[in-house]
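Engineer: Please find one structure pasted underneath; my questions will follow.
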Amino acid sequence: MRKTEQSRTPAYLSWGMIALVVAGALWWLFAPPLPEWLTQFPAPKGLDNAVAQQIDAAVNWMKQQWASFFDVFTWILRKILGVIESAMVTTPWPIVVALVLLLAWRLSGLRAAIFTAACLAYLGLFGFWEKSMTTLALVAASVLICVVIGLPVGILCAKSPRAKRLLEPVLDVMQTLPTFVYLIPAVAFFSIGKPPGVIATVIFALPSIVRLTALGIEQVPAVVREAADAFGARPMQKLLKVELPLALPSIRLGINQTIMMSLSMVVVAAMIGAGGLGLDVIRSLQHLKTGQGFLAGLAIVLCAMALDRMVRGRPPG
Amino acid sequence: MTNPVIQCRDVWKVFGALDAAVFAQIRAGTASKDEIQDKYSCVVAVADANFSIAAGEIFCIMGLSGSGKSTLLRHINGLVAPSAGDILIGGENIARLSRAGLRDLRARKIGMVFQNFALLPHRNVIDNVAFGLELRDVPRPERLARAREMLKAVQLEAWEDARITELSGGMQQRVGLARALAGDPDILLMDEPFGALDPLIRRQLQDQFTRLCRDMNKTAVFITHDLDEAMRIGSRIAIMRDGRILQTGAPHEIILSPADTHVAAFVRDVSSKDTLSAQHVMSRVAPGEMEQLARLPGILPDTILSEAARLAARENQDLPVRDGSGAIVGVLRVSEILTALAGRGQYAQN
């Protein structure tokens with residue numbers, strides 16, 4: 001009895017609803033057009049242009065004022081890249097193959113070594129050897145810089161909640177800002193070629209290693225930290241002998257992520273003259289050569305997979 | 001008492017943002033526990049703890065979870081700083097130590113064993129044992145030799161290269177004990193070390209621990225929630241509840257004269273067969289009884305109850321208690337032994 005009473009809508013509500021619908025329909029049919037400020041957001045004319053011009057001016061100013069700084073920075077990047085690339089390109093391929101396979105075997109076991117061998121065979125047979133070495137040199141330089149910067153910053157984030165609060169939004173921006181947006185100033189500051197490619201890659205890939213390092217250290221059990229304290233560990237000893245070793249799986253994952261993200265930037269970096277496998281993809285796109293594009297794309301994928309298997313380490317057990 | 005190794009004087013620990021006025025109220029006892037928690041969002045973990053521990057003692061702190069016993073333990077090596085009061089190690093107030101001085105104290109004077117072992121899973125057994133020495137920059141061959149010695153002391157010498165995860169819980173805790181002993185500290189802090197282990201393993205480790213403490217002449221503070229364990233290994237026991245030490249005394253003192261109803265409730269079910277001795281349970285010799293007792297072989301006043309019960313069962317009668325010279329000091333009645341073993345009531349001394 002009660003139930004039916006409750007489920008019945010009161011009469012005034014039903015009538016009210018009908019009236020609303022009718023009024024809405026009448027408005028739709030006969031109302032005068034809305035004023036423009038309601039249908040379109042009243043954007044002040046020329047605001048975007050003015051701000052964009054200011055940013056341009058700022059970039060130009062920085063470019064001129066800090067030219068020597070950027071030049072030195074670019075020079076250092078070129079040197080690092082040069083050393084890595086010439087080492088990989090000028091070393092006879094059998095030696096590179098042997099070293100890479102040995103590394104894969106030592107790091108991650110026989111299966112990873114076999115898979116890596118297959119990938120290298122593809123790169124060699126389809127004529128991608130030199131280009132892939134160029135690409136891998138770019139990746140290696142980016143990853144090196146990411147680790148050198150990311151590891152300490154990650155440790156800082158884990159140790160200081162304040163630093164973490166400050167850096168968190170910066171990392172978010174770095175990860176989500178479309179690459180092309182900072183590619184333009186990167187070219188402005190570092191000219192075209194490989195250095196801006198490395199810079200863009202580092203900006204894109206750095207957050208993951210920072211985050212995973214911080215996460216790894218934060219996950220060290222409090223009681224193990226306490227034990228280190230109880231045995232009189234200095235802060236540095238605690239970091240090096242307890243926290244970093246226990247955070248290693250997470251850090252390793254971070255490096256893995258950084259490598260993958262660097263490889264995913266290869267095509268974008270090729271647009272500003274970084275060369276390598278990405279250049280082949282872009283050329284195929286420009287000339288609508290599906291087959292060539294596919295082969296070059298597959299070369300990038302295989303590089304990524306081989307590196308992933310190598311860095312991932314031995315399966316447990 | 002000779003110079004105490006560890007001394008706690010009027011130690012208070014209150015967690016939460018604490019201002020002087022609130023603390024004064026808490027100390028005066030005018031604010032109730034709920035009031036402190038709700039109104040000032042503070043928690044009193046340790047309230048006015050006082051004790052001193054002599055060299056070679058095993059001092060047990062017994063209490064249920066949340067009684068503040070682990071927090072109190074962490075005051076002794078400065079992992080937790082008191083809100084008020086002093087902690088003295090070998091007569092030295094640890095609050096006056098510099099950071100480096102405190103680290104040195106922890107590294108050289110105090111070893112600690114944790115309930116969930118807190119070993120380093122990325123190291124093998126021997127490198128875990130040598131960890132404290134490594135922190136003190138002891139050269140590798142030397143620290144490994146010392147660690148090997150400690151592994152031998154806990155009978156794990158065959159496992160030095162094993163990974164921590166390969167060991168059972170009891171073995172892991174023996175590694176923890178070896179790690180604490182490796183630095184040759186005077187003091188061992190044991191934070192419910194055997195709480196996570198099976199009863200049988202626990203019993204073995206208790207015996208091993210008391211033996212090692214005696215042989216190596218260590219002073220230990222041992223936290224437990226198990227009164228039987230405290231009775232078995234403690235030379236003295238402090239019973240804690242809601243941050244307060246209710247009673248401190250030797251095991252038989254706690255059993256014979258519990259300070260209040262809470263202690264009495266803890267003691268009710270504890271087994272007294274290994275804690276009490278003949279002198280605690282015996283009664284005066286009634287007139288006319290002496291003649292018969294004089295013909296019987298006696299037992300010493302410090303014979304433990306389980307042993308006395310066995311003898312009384314064999315003789316199947318009340319036994320005289322004789323002191324060292326053979327004089328009869330009391331009579332141990334079978335009915336009293338049974339009452340004591342059943343574990344109820346209180347036994348007045350003599």
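Chain labels follow the order of the structure tokens: the first chain is A, the next B, and so on; residue numbering restarts at 1 in every chain, and ligands are counted from 1 in their shown order.
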Within 6 Å of chain A, which residues of chain B are there when counting only C-alpha atoms? Please give them as a list in words.
Structural biologist: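 Every residue meeting the condition is included here: Arg103, Arg106, Ala107, Ala118, Gly132 and Leu135 of chain B.
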Engineer: Could you give me, as number ranges by chain, the residues within 6 Å of Trp12 in chain B, counting only C-alpha atoms and dropping anything in the same chain fewer than 3 positions from it?
Structural biologist: B: 46-48, 82-84
Engineer: Would you mind listing what lies within 7 Å of Phe117 in chain B as a list of chain:residue names, with only C-alpha atoms counted and same-chain residues fewer than 2 positions away left out?
Structural biologist: B:Val113, B:Phe114, B:Gln115, B:Leu119, B:Gln172, B:Gln173, B:Gly176
Engineer: Apply DSSP to the structure's backbone, then extract all residues of range 148-315 of chain A labelled alpha helix (DSSP H) and return them as a VMD selection string.
Structural biologist: chain A and resid 148 to 159 161 to 176 179 to 190 194 to 218 222 to 230 235 to 237 244 to 264 266 to 271 277 to 286 290 to 312
Engineer: Considering only C-alpha atoms, return as number ranges by chain whatever protein or nucleic-acid residues lie within 9 Å of Cys119 in chain A, sequence-local ones (same chain, fewer than 6 positions apart) excluded.
Structural biologist: A: 299, 302-303, 305-306
Engineer: I want to know what sits within 8 Å of Phe15 in chain B, based on only C-alpha atoms, with residues of the same chain fewer than 6 positions away left out; could you give that as a PyMOL selection string?
Structural biologist: chain B and resi 42-45
Engineer: Limited to C-alpha atoms, could you put the picked residues into a file as a PDB file, in the first residue's frame?
Structural biologist:
ATOM      1  CA  CYS B  42      47.520  14.312  20.173  1.00  0.00           C
ATOM      2  CA  VAL B  43      48.218  10.728  21.179  1.00  0.00           C
ATOM      3  CA  VAL B  44      50.043   9.887  24.365  1.00  0.00           C
ATOM      4  CA  ALA B  45      52.315   6.976  23.493  1.00  0.00           C
TER       5      ALA B  45
END
Engineer: At a cut-off of 9 Å, using only C-alpha atoms, what residues contact Ile245 in chain B? Leave out same-chain residues fewer than 2 positions from it and give the result as a VMD selection string.
Structural biologist: chain B and resid 46 to 50 61 238 to 243 247 to 248
Engineer: With C-alpha atoms kept, could you save the residues just selected as a short mmCIF file (atom, residue, chain, number, x, y, z; two decimals), in the first residue's frame?
Structural biologist:
data_model
loop_
_atom_site.label_atom_id
_atom_site.label_comp_id
_atom_site.auth_asym_id
_atom_site.auth_seq_id
_atom_site.Cartn_x
_atom_site.Cartn_y
_atom_site.Cartn_z
CA VAL B 46 54.47 6.92 26.59
CA ALA B 47 53.44 8.43 29.90
CA ASP B 48 55.98 9.02 32.64
CA ALA B 49 58.15 5.95 32.11
CA ASN B 50 60.80 5.32 34.73
CA ILE B 61 58.46 -4.76 28.47
CA ALA B 238 57.62 -4.01 33.11
CA ILE B 239 53.93 -4.23 32.30
CA MET B 240 52.62 -1.44 30.13
CA ARG B 241 49.12 -0.28 29.34
CA ASP B 242 48.04 2.89 27.51
CA GLY B 243 51.57 4.26 27.60
CA GLN B 247 54.29 -2.50 37.43
CA THR B 248 57.97 -3.40 37.28
#
Engineer: Write out as a count of residues only which residues come within 7 Å of His252 in chain B when counting only C-alpha atoms, dropping same-chain ones fewer than 4 positions away.
Structural biologist: 3
